[in-house]
Each structure stands twice: as structure tokens, then as C-alpha cells.
file model_36.cif (mmCIF, C-alpha atoms)
data_input
loop_
_atom_site.label_atom_id
_atom_site.label_comp_id
_atom_site.auth_asym_id
_atom_site.auth_seq_id
_atom_site.Cartn_x
_atom_site.Cartn_y
_atom_site.Cartn_z
CA ASP T 3 -74.10 95.83 37.00
CA ILE T 4 -72.43 92.42 36.78
CA GLU T 5 -73.78 91.94 33.22
CA ARG T 6 -72.53 95.38 32.14
CA THR T 7 -69.12 94.65 33.65
CA LEU T 8 -68.91 91.29 31.86
CA SER T 9 -70.01 92.91 28.57
CA THR T 10 -67.35 95.60 28.91
CA GLN T 11 -64.74 92.96 29.75
CA HIS T 12 -65.72 90.93 26.69
CA THR T 13 -65.47 94.04 24.51
CA ILE T 14 -62.03 94.84 25.93
CA GLU T 15 -60.86 91.24 25.38
CA ILE T 16 -62.10 91.27 21.78
CA VAL T 17 -60.49 94.63 21.00
CA THR T 18 -57.27 93.57 22.70
CA GLY T 19 -57.21 90.23 20.86
CA VAL T 20 -57.82 91.83 17.48
CA SER T 21 -55.19 94.48 18.20
CA GLU T 22 -52.73 91.79 19.25
CA LEU T 23 -53.41 89.79 16.08
CA VAL T 24 -52.94 92.90 13.94
CA MET T 25 -49.66 93.75 15.68
CA LYS T 26 -48.41 90.19 15.36
CA GLY T 27 -49.36 90.19 11.67
CA LEU T 28 -47.46 93.43 11.06
CA VAL T 29 -44.41 92.14 12.93
CA LEU T 30 -44.59 88.86 10.98
CA ILE T 31 -44.76 90.74 7.70
CA LEU T 32 -41.73 92.83 8.68
CA LEU T 33 -39.79 89.72 9.73
CA ILE T 34 -40.65 87.91 6.48
CA ASP T 35 -39.66 91.00 4.50
CA VAL T 36 -36.31 91.15 6.28
CA ALA T 37 -35.77 87.40 5.93
CA LEU T 38 -36.61 87.35 2.20
CA ARG T 39 -34.69 90.53 1.39
CA PRO T 40 -31.65 88.50 0.16
CA LEU T 41 -33.93 86.67 -2.25
CA ASP T 42 -35.19 90.01 -3.55
CA ARG T 43 -31.56 91.06 -3.99
CA MET T 44 -30.90 87.85 -5.90
CA ALA T 45 -33.87 88.44 -8.18
CA SER T 46 -32.91 92.06 -8.74
CA LEU T 47 -29.30 91.12 -9.46
CA ALA T 48 -30.40 88.38 -11.86
CA ARG T 49 -32.57 90.89 -13.73
CA ARG T 50 -29.67 93.38 -13.95
CA ILE T 51 -27.32 90.68 -15.20
CA GLY T 52 -29.90 89.66 -17.78
CA ALA T 53 -30.01 93.30 -18.89
CA GLY T 54 -26.23 93.33 -19.44
CA THR T 55 -24.74 94.37 -16.08
CA ARG T 56 -21.66 92.35 -15.15
CA GLY T 57 -19.39 92.16 -12.12
CA ARG T 58 -22.07 92.54 -9.39
CA ARG T 59 -22.17 90.04 -6.51
CA LEU T 60 -24.34 89.43 -3.41
CA ARG T 61 -21.44 88.85 -0.96
CA PRO T 62 -23.59 87.82 2.07
CA THR T 63 -22.52 89.02 5.49
CA LYS T 64 -23.67 85.74 7.11
CA PRO T 65 -22.60 82.95 4.74
CA THR T 66 -23.29 80.22 7.32
CA THR T 67 -27.09 80.59 7.22
CA ASP T 68 -29.28 78.83 4.66
CA LEU T 69 -29.84 82.01 2.67
CA GLY T 70 -26.18 82.90 3.08
CA ARG T 71 -25.10 79.60 1.60
CA THR T 72 -27.58 80.11 -1.23
CA ALA T 73 -26.11 83.56 -1.89
CA VAL T 74 -22.56 82.15 -1.90
CA ALA T 75 -23.60 79.48 -4.39
CA PHE T 76 -25.27 82.19 -6.50
CA ASP T 77 -22.03 84.22 -6.53
CA GLU T 78 -20.02 81.14 -7.50
CA MET T 79 -22.45 80.44 -10.31
CA LEU T 80 -22.02 84.02 -11.57
CA ASP T 81 -18.23 83.65 -11.45
CA ALA T 82 -18.42 80.47 -13.52
CA LEU T 83 -20.84 82.03 -16.02
CA GLU T 84 -18.74 85.15 -16.49
CA THR T 85 -15.58 83.04 -16.88
CA ALA T 86 -17.31 80.90 -19.51
CA GLU T 87 -18.57 84.01 -21.27
CA ALA T 88 -15.09 85.55 -21.29
CA THR T 89 -13.60 82.30 -22.60
CA ALA T 90 -16.20 82.14 -25.37
CA GLN T 91 -15.55 85.75 -26.33
CA GLN T 92 -11.81 85.14 -26.43
CA ALA T 93 -12.32 82.04 -28.56
CA GLN T 94 -14.56 84.00 -30.91
CA GLU T 95 -11.99 86.78 -31.13
CA ARG T 96 -9.21 84.26 -31.82
CA MET T 97 -11.33 82.67 -34.54
CA ARG T 98 -12.00 86.09 -36.06
CA ARG T 99 -8.28 86.89 -36.10
CA PHE T 100 -7.53 83.39 -37.37
CA LEU T 101 -9.86 83.80 -40.35
CA ALA T 102 -8.55 87.30 -41.06
CA ASP T 103 -4.93 86.15 -40.98
CA ALA T 104 -5.67 83.05 -43.05
CA SER T 105 -7.48 85.13 -45.66
CA HIS T 106 -4.59 87.59 -45.77
CA ASP T 107 -1.99 84.85 -46.15
CA LEU T 108 -3.96 83.09 -48.87
CA ARG T 109 -4.50 86.32 -50.76
CA THR T 110 -0.77 86.77 -51.44
CA PRO T 111 -0.07 83.47 -53.29
CA LEU T 112 -3.44 83.58 -55.04
CA ALA T 113 -2.71 87.09 -56.28
CA GLY T 114 0.64 85.86 -57.60
CA ILE T 115 -1.02 82.92 -59.36
CA ILE T 116 -3.65 85.17 -60.94
CA ALA T 117 -1.10 87.78 -62.01
CA GLY T 118 1.23 85.19 -63.51
CA SER T 119 -1.59 83.42 -65.32
CA ASP T 120 -2.95 86.68 -66.74
CA ALA T 121 0.51 87.66 -67.91
CA LEU T 122 0.90 84.34 -69.74
CA LEU T 123 -2.55 84.59 -71.29
CA GLN T 124 -1.96 88.11 -72.54
CA ALA T 125 1.61 87.50 -73.71
CA ASP T 126 2.50 86.56 -77.26
CA PHE T 127 4.02 83.10 -77.06
CA ASP T 128 5.94 83.70 -80.29
CA GLU T 129 7.80 86.61 -78.67
CA LEU T 130 8.52 84.79 -75.38
CA ASP T 131 11.58 82.59 -75.35
CA ARG T 132 11.56 79.28 -73.51
CA ALA T 133 13.54 80.59 -70.53
CA GLU T 134 11.07 83.41 -69.89
CA ARG T 135 8.07 81.08 -70.19
CA GLU T 136 9.65 78.63 -67.76
CA GLN T 137 10.45 81.46 -65.35
CA ARG T 138 6.82 82.59 -65.28
CA LEU T 139 5.53 79.04 -64.96
CA VAL T 140 7.95 78.32 -62.11
CA ALA T 141 6.68 81.44 -60.30
CA ILE T 142 3.09 80.21 -60.70
CA VAL T 143 3.97 76.73 -59.44
CA ARG T 144 5.85 78.20 -56.46
CA GLN T 145 2.86 80.36 -55.49
CA SER T 146 0.52 77.38 -55.95
CA ARG T 147 2.64 75.22 -53.64
CA GLN T 148 2.72 78.00 -51.07
CA ALA T 149 -1.08 78.26 -51.14
CA ALA T 150 -1.45 74.46 -50.96
CA ARG T 151 0.94 74.29 -48.01
CA LEU T 152 -1.01 76.97 -46.18
CA VAL T 153 -4.28 75.14 -46.82
CA ASP T 154 -2.74 71.90 -45.52
CA ASP T 155 -1.55 73.71 -42.39
CA LEU T 156 -4.99 75.20 -41.79
CA LEU T 157 -6.67 71.82 -42.22
CA LEU T 158 -4.19 70.18 -39.84
CA MET T 159 -4.73 72.86 -37.19
CA ALA T 160 -8.49 72.47 -37.59
CA ARG T 161 -8.24 68.69 -37.07
CA ILE T 162 -6.05 69.16 -34.00
CA ASP T 163 -8.42 71.76 -32.53
CA ASN T 164 -11.45 69.59 -33.27
CA HIS T 165 -9.88 66.58 -31.56
CA ALA T 166 -8.81 68.66 -28.54
CA ALA T 167 -12.34 70.08 -28.20
CA ASN T 168 -13.94 66.62 -28.42
CA HIS T 169 -11.44 64.96 -26.06
CA PRO T 170 -10.48 67.60 -23.46
CA ALA T 171 -9.62 65.00 -20.83
CA ASN T 172 -7.26 63.02 -23.07
CA PRO T 173 -6.12 65.07 -26.08
CA ALA T 174 -3.40 62.56 -26.94
CA ALA T 175 -5.89 59.75 -27.60
CA ASN T 176 -6.55 60.17 -31.31
CA PRO T 177 -7.87 57.18 -33.25
CA GLU T 178 -6.51 58.72 -36.48
CA THR T 179 -2.94 58.67 -35.14
CA ARG T 180 -0.84 55.71 -36.28
CA SER T 181 1.41 54.99 -33.33
CA GLU T 182 4.34 52.60 -33.68
CA SER T 183 7.75 52.05 -32.12
CA VAL T 184 10.45 53.67 -34.29
CA ASP T 185 14.03 54.87 -34.03
CA LEU T 186 13.87 58.63 -33.55
CA VAL T 187 17.37 59.07 -34.98
CA GLU T 188 16.25 57.62 -38.31
CA VAL T 189 13.15 59.85 -38.43
CA VAL T 190 15.31 62.93 -37.79
CA ARG T 191 17.88 61.81 -40.39
CA GLN T 192 15.19 61.57 -43.08
CA GLN T 193 13.96 65.10 -42.40
CA VAL T 194 17.49 66.51 -42.24
CA ASP T 195 18.32 64.96 -45.64
CA ALA T 196 15.11 66.34 -47.15
CA VAL T 197 15.77 69.90 -45.96
CA ALA T 198 19.43 69.66 -47.01
CA LEU T 199 18.33 68.84 -50.57
CA ARG T 200 16.05 71.88 -50.65
CA ARG T 201 18.67 74.19 -49.13
CA PRO T 202 22.07 73.31 -50.62
CA ASP T 203 23.37 76.74 -49.57
CA LEU T 204 23.28 75.71 -45.88
CA ARG T 205 25.24 73.21 -43.82
CA ILE T 206 22.50 71.04 -42.35
CA GLY T 207 23.65 68.12 -40.25
CA LEU T 208 22.60 65.55 -37.68
CA ARG T 209 24.51 64.90 -34.47
CA PRO T 210 23.13 61.84 -32.66
CA VAL T 211 24.37 61.89 -29.08
CA ALA T 212 22.49 58.64 -28.48
CA GLU T 213 21.86 55.78 -30.90
CA ASN T 214 18.66 53.74 -31.26
CA VAL T 215 16.43 56.17 -29.39
CA SER T 216 13.19 54.19 -29.44
CA VAL T 217 9.94 56.17 -29.21
CA ARG T 218 6.33 55.21 -29.86
CA ILE T 219 4.93 57.86 -32.20
CA ASP T 220 3.22 58.45 -35.51
CA PRO T 221 6.35 58.87 -37.69
CA ASP T 222 4.50 60.93 -40.30
CA GLU T 223 3.14 63.43 -37.78
CA VAL T 224 6.40 63.75 -35.83
CA GLY T 225 8.25 63.98 -39.15
CA ARG T 226 6.00 66.91 -40.03
CA ALA T 227 6.85 68.60 -36.71
CA LEU T 228 10.59 68.05 -37.27
CA ALA T 229 10.32 69.34 -40.84
CA ASN T 230 8.66 72.52 -39.55
CA LEU T 231 11.43 73.06 -36.99
CA LEU T 232 14.16 72.47 -39.56
CA GLU T 233 12.47 74.68 -42.17
CA ASN T 234 12.08 77.44 -39.60
CA ALA T 235 15.80 77.19 -38.75
CA ALA T 236 16.77 77.11 -42.44
CA GLN T 237 14.72 80.21 -43.22
CA ALA T 238 16.33 82.08 -40.32
CA SER T 239 19.92 81.11 -41.21
CA PRO T 240 21.97 83.21 -43.66
CA SER T 241 23.45 81.69 -46.79
CA GLY T 242 26.34 79.49 -45.77
CA GLY T 243 24.96 79.16 -42.24
CA GLN T 244 24.67 75.99 -40.23
CA VAL T 245 21.66 74.12 -38.87
CA THR T 246 22.30 71.24 -36.49
CA ALA T 247 19.83 68.64 -35.22
CA THR T 248 20.91 66.82 -32.06
CA VAL T 249 19.19 63.65 -30.82
CA ALA T 250 19.73 62.64 -27.20
CA VAL T 251 18.12 61.04 -24.18
CA ALA T 252 17.67 63.75 -21.57
CA PRO T 253 16.66 63.48 -17.90
CA GLY T 254 13.47 65.09 -16.70
CA PRO T 255 11.31 65.49 -13.58
CA SER T 256 9.13 62.53 -14.62
CA GLY T 257 11.97 60.38 -15.99
CA ALA T 258 14.17 60.26 -19.05
CA HIS T 259 12.78 61.34 -22.41
CA ALA T 260 13.94 61.62 -26.02
CA SER T 261 15.09 65.05 -27.08
CA VAL T 262 15.68 66.58 -30.53
CA THR T 263 17.38 69.99 -30.48
CA VAL T 264 17.46 72.14 -33.63
CA GLN T 265 20.08 74.90 -33.47
CA ASP T 266 20.61 77.60 -36.11
CA ASP T 267 22.94 80.60 -36.36
CA GLY T 268 20.30 83.14 -37.39
CA PRO T 269 19.27 86.31 -35.54
CA GLY T 270 17.70 84.32 -32.69
CA VAL T 271 14.51 84.85 -30.69
CA PRO T 272 14.29 87.48 -27.91
CA ALA T 273 13.81 86.02 -24.44
CA ASP T 274 10.41 87.68 -24.00
CA GLN T 275 9.16 86.25 -27.30
CA ARG T 276 10.16 82.59 -26.84
CA ASP T 277 6.66 81.53 -25.87
CA ARG T 278 4.72 84.01 -28.02
CA ILE T 279 6.40 82.65 -31.15
CA PHE T 280 4.26 79.51 -30.81
CA ALA T 281 1.04 81.49 -31.25
CA ARG T 282 -0.66 81.16 -34.60
CA PHE T 283 0.28 83.55 -37.42
CA VAL T 284 2.95 85.21 -35.26
CA ARG T 285 5.98 86.38 -37.21
CA LEU T 286 8.61 88.13 -35.14
CA SER T 287 10.49 89.70 -38.03
CA THR T 288 11.54 89.11 -41.59
CA ASP T 289 15.06 88.38 -40.24
CA ARG T 290 13.79 85.07 -38.83
CA GLY T 291 12.00 84.00 -41.96
CA GLY T 292 8.95 86.13 -41.22
CA GLY T 293 7.64 85.52 -44.72
CA GLY T 294 6.15 82.16 -43.73
CA SER T 295 2.58 81.48 -42.72
CA GLY T 296 3.27 81.61 -38.99
CA LEU T 297 1.79 78.13 -38.50
CA GLY T 298 4.90 75.95 -38.58
CA LEU T 299 5.85 76.26 -34.93
CA PRO T 300 2.25 76.03 -33.57
CA ILE T 301 1.74 72.86 -35.62
CA ALA T 302 5.02 71.39 -34.37
CA ARG T 303 4.06 72.06 -30.74
CA ALA T 304 0.52 70.70 -31.22
CA ILE T 305 1.84 67.47 -32.81
CA ALA T 306 4.44 67.02 -30.06
CA ARG T 307 1.88 67.53 -27.30
CA ARG T 308 -0.51 65.11 -28.95
CA ALA T 309 2.33 62.57 -28.89
CA GLY T 310 2.88 63.18 -25.17
CA GLY T 311 5.81 65.60 -25.54
CA ASP T 312 6.34 69.29 -26.18
CA VAL T 313 8.29 71.85 -28.21
CA VAL T 314 9.96 74.79 -26.46
CA CYS T 315 12.37 77.54 -27.44
CA ARG T 316 15.54 77.37 -25.35
CA PRO T 317 18.32 79.95 -24.92
CA PRO T 318 21.00 79.32 -27.58
CA ALA T 319 23.91 77.21 -26.41
CA ALA T 320 26.60 79.57 -27.74
CA GLY T 321 24.58 82.77 -27.35
CA VAL T 322 23.96 82.97 -31.12
CA GLY T 323 20.93 81.91 -33.12
CA ALA T 324 17.88 80.06 -31.85
CA ARG T 325 17.48 76.63 -30.26
CA PHE T 326 14.23 74.67 -30.37
CA GLU T 327 13.84 71.45 -28.41
CA LEU T 328 11.30 68.74 -29.21
CA SER T 329 10.79 66.24 -26.38
CA LEU T 330 9.02 62.89 -26.67
CA PRO T 331 8.42 60.05 -24.20
CA LEU T 332 10.57 56.99 -24.69
CA ALA T 333 8.93 53.75 -25.79
CA GLY T 334 7.54 51.84 -22.82
CA GLN T 335 6.95 54.91 -20.65
#

call {"tool": "encode", "arguments": {"input": "model_36.cif", "output": "C-alpha cells"}}
result
Amino acid sequence: DIERTLSTQHTIEIVTGVSELVMKGLVLILLIDVALRPLDRMASLARRIGAGTRGRRLRPTKPTTDLGRTAVAFDEMLDALETAEATAQQAQERMRRFLADASHDLRTPLAGIIAGSDALLQADFDELDRAEREQRLVAIVRQSRQAARLVDDLLLMARIDNHAANHPANPAANPETRSESVDLVEVVRQQVDAVALRRPDLRIGLRPVAENVSVRIDPDEVGRALANLLENAAQASPSGGQVTATVAVAPGPSGAHASVTVQDDGPGVPADQRDRIFARFVRLSTDRGGGGSGLGLPIARAIARRAGGDVVCRPPAAGVGARFELSLPLAGQ
């Protein structure tokens, strides 16, 4: 009887032990499944994102746990990836529009060159007088210069973009820039005289509020920016109009700086378009010289920013025309 009782007790202990191990195993499996469920969600979400789904996030309810912190980091990584993807798509779209606009703008002068050349080739030189031949040749030269200017603008914008992409932390540090201390009034005077020679129908003048405004710049690059601002003002002004360049030393939040203001008496720029006008290939209307390439103002702003300054469109002083201000740091700042 004792042996039978012991044998039964052993059997009960074995069955109970095995049952307990099985139950513990099932509970452990359930606990592991619950604990690793966020990882399964991560894997599933990663697969959906790889398949093209965007905008989904884990958003853990307990971000203080180890898995919660991992899920938060995963969401932050997705935010950064989607932001980078959107930025790349925008850059690609801008490049696509840039190439389309550049091709369109180059097509016009090239078509004029081809048409003028064909007309000269097919014409009988004995029947053309000298004045007519010169008129056609002048038209071809004018279209050629327009195409060459557009190509120069495109190359300059490409160099500026390439430098900004290679030096995002310090876009102003360009080894190709020749920086020297010059008198800004003299640089402005040279550009004013050049534009005045090209546009004798306008009153183009310089009004230096301050003399000997010393700045450390590349005079050729800043001269190009000033020429673009003056040409833009000249194109917008009617025949007999006035364009005034004012050089001064203006106060600012970070100290005094040199300022060149170009004022015209054209149709002006609407308040809601004063920043958009600096986008590439933007032409507001033909009233403000919309026949240009749309690169003059973006180039002027890019050059000014590379020199440590900026170009902005201000409200006109007398309520008429447009007023563009180029600011540059003074020498020694």
C-alpha cells in the first residue's frame, strides 16, 4: 500500500510538473509576443514604407521604456527621411523648371539669329542697300549678345549653386572670390556711368549720402550685382524717367553697414511680390521689363549674400516706382 501510494504521488508530481512547465511556457510565449509586438509593428511599417506608403508613424504610448525610446527614434528617423525626400523632390522639380525655362529663353535669341542669318543668305546682296544690311546684321548681333548674356548668367548661377552645395556651413568662403578693400561709391559710380551710356533716354544719377564708404568685396562681382539692379531699374523706367542710386552708411541690428539704394519711377513691384521677384526666371509683367531673362535679381542677391550682405525690395520712398537696397558689411567688420 505504501509503495502504491508513493507511485501515485510520483505520477501526480510528474504530471503536475509537466503541466506547470507547459503553462509557464505558454505564458512566456504570450509575454514575449506582447513585448515584441512593437518590433513587429516596426518591421511591418518599414515594409510598408519600402513599398511606397508614407506618413505612417509608430507613436508609442509608453515612450519612456526601452522599446518606446526605440520607437520614438524610429519615428524621428522617418521624419528626417521624408523631409530629405521632399527636399530632393523639390530640388529636382526646380532643376526641371530651371532647364525648361533656360531652354525657352535661349530658343528666342537663337531663333532670331537663325532667321536673320537665313534671310541674309537668301537675299541678293546687289539689291540690298548698306542700311538694310547693317540693320539685319545689328539684329543678329543683338540676339547673339542676348544669348551670350543668358549663358553667362546660367554659368554664374551654376557656380554659385555649386559653391553653396559644397560649402553649406560657410557659403561666403569662396577661394575664387577676389576680396579687397575698395570705395563703394566709386564702384557704384562706374556702373551708373556705364548704364547711362547705354540708356541716354533716361536720367541716371548717383547721390552719395556718405563719402569714402570702404567695403571689402570682390569689385567685379559686386559691380555685376549693381549693374543688374541698375539695368532692371532702367528697363522698368519709361523714356525720360529717372533712376537714382544712393550710397549711404545705414544702421542695423548687428551694427552699421554700407547701403546702395536703386530707385526708379516705373510701375513698381506689388507688396506681395517683393520677395518672389528674386526667384529665378520670374517676370512679373512686361511693364517692369519682363522681357529679360529673369536672372538679374537672383544673381544680384546671390552675389550680395556671398559677400556677407543682401538685396531686398523696399517700399518706394515716394510711393512711386520700385526701390531695391543692396547692403554690404563695412571693411573691418

call {"tool": "atom_distance", "arguments": {"input": "model_36.cif", "atom1": "atom CA of T:Val211", "atom2": "atom CA of T:Arg316"}}
result
18.2 Å

call {"tool": "residues_around", "arguments": {"input": "model_36.cif", "residues": "stretch 137-154 of chain T", "least_positions_apart": "2", "cutoff": "8 Å", "atoms": "only C-alpha atoms", "output": "list in words"}}
result
Asp107, Leu108, Pro111, Leu112, Gly114, Ile115, Gly118, Ser119, Leu122, Ala133, Glu134, Arg135, Leu156, Leu157, Leu158 and Ser295 of chain T

call {"tool": "closest_residue", "arguments": {"input": "model_36.cif", "among": "T:Lys26, T:Arg325, T:Arg56, T:Arg209", "to": "T:Asp267", "atoms": "only C-alpha atoms"}}
result
T:Arg325

call {"tool": "residues_near_point", "arguments": {"input": "model_36.cif", "point": "(16.0, 54.0, -30.6)", "cutoff": "12 Å", "atoms": "only C-alpha atoms", "output": "count of residues only"}}
result
29

call {"tool": "closest_residue", "arguments": {"input": "model_36.cif", "among": "T:Gln193, T:Ser105, T:Thr63, T:Ser181", "to": "T:Asp220", "atoms": "all atoms listed in the file"}}
result
T:Ser181

call {"tool": "resolve_selection", "arguments": {"input": "model_36.cif", "expression": "the PyMOL selection byres ((chain T and resi 269) around 8)", "output": "list of chain:residue names"}}
result
T:Ala238, T:Ser239, T:Asp267, T:Gly268, T:Gly270, T:Val271, T:Asp289, T:Arg290, T:Val322, T:Gly323, T:Ala324

call {"tool": "residues_around", "arguments": {"input": "model_36.cif", "residues": "T:Leu228", "least_positions_apart": "3", "cutoff": "12 Å", "atoms": "only C-alpha atoms", "output": "PyMOL selection string"}}
result
chain T and resi 186-197+221-225+231-235+247-249+261-264+298-299+301-303+305-306+312-313+326-330

call {"tool": "atom_distance", "arguments": {"input": "model_36.cif", "atom1": "atom CA of T:Cys315", "atom2": "atom CA of T:Asp155"}}
result
20.8 Å

call {"tool": "atom_distance", "arguments": {"input": "model_36.cif", "atom1": "atom CA of T:Asp266", "atom2": "atom CA of T:Val245"}}
result
4.6 Å

call {"tool": "closest_atom_pairs", "arguments": {"input": "model_36.cif", "of": "stretch 214-300 of chain T", "to": "stretch 77-101 of chain T", "cutoff": "12 Å", "atoms": "all atoms listed in the file", "output": "Markdown table"}}
result
| residue | atom | partner | partner_atom | distance |
| --- | --- | --- | --- | --- |
| T:Ala281 | CA | T:Arg96 | CA | 10.6 |
| T:Arg282 | CA | T:Phe100 | CA | 7.7 |
| T:Phe283 | CA | T:Phe100 | CA | 7.8 |
| T:Val284 | CA | T:Phe100 | CA | 10.8 |
| T:Ser295 | CA | T:Phe100 | CA | 11.6 |
| T:Gly296 | CA | T:Phe100 | CA | 11.1 |
| T:Leu297 | CA | T:Phe100 | CA | 10.8 |

call {"tool": "write_last_selection", "arguments": {"input": "model_36.cif", "atoms": "C-alpha atoms", "output": "compact mmCIF listing (two decimals), in the frame of the given file"}}
result
# COMPACT_ATOMS: atom_id res chain seq x y z
CA ALA T 281 1.04 81.49 -31.25
CA ARG T 282 -0.66 81.16 -34.60
CA PHE T 283 0.28 83.55 -37.42
CA VAL T 284 2.95 85.21 -35.26
CA SER T 295 2.58 81.48 -42.72
CA GLY T 296 3.27 81.61 -38.99
CA LEU T 297 1.79 78.13 -38.50

call {"tool": "residues_around", "arguments": {"input": "model_36.cif", "residues": "T:Ala37", "least_positions_apart": "5", "cutoff": "12 Å", "atoms": "all atoms listed in the file", "output": "PDB file with C-alpha atoms, in the coordinates of the input"}}
result
ATOM      1  CA  LEU T  30     -44.590  88.860  10.980  1.00  0.00           C
ATOM      2  CA  ILE T  31     -44.760  90.740   7.700  1.00  0.00           C
ATOM      3  CA  LEU T  32     -41.730  92.830   8.680  1.00  0.00           C
ATOM      4  CA  ASP T  42     -35.190  90.010  -3.550  1.00  0.00           C
ATOM      5  CA  ARG T  43     -31.560  91.060  -3.990  1.00  0.00           C
ATOM      6  CA  THR T  67     -27.090  80.590   7.220  1.00  0.00           C
ATOM      7  CA  ASP T  68     -29.280  78.830   4.660  1.00  0.00           C
ATOM      8  CA  LEU T  69     -29.840  82.010   2.670  1.00  0.00           C
ATOM      9  CA  GLY T  70     -26.180  82.900   3.080  1.00  0.00           C
TER      10      GLY T  70
END

call {"tool": "resolve_selection", "arguments": {"input": "model_36.cif", "expression": "the PyMOL selection byres ((chain T and resi 242) around 7)", "output": "list in words"}}
result
Asp203, Leu204, Arg205, Pro240, Ser241, Gly243 and Gln244 of chain T
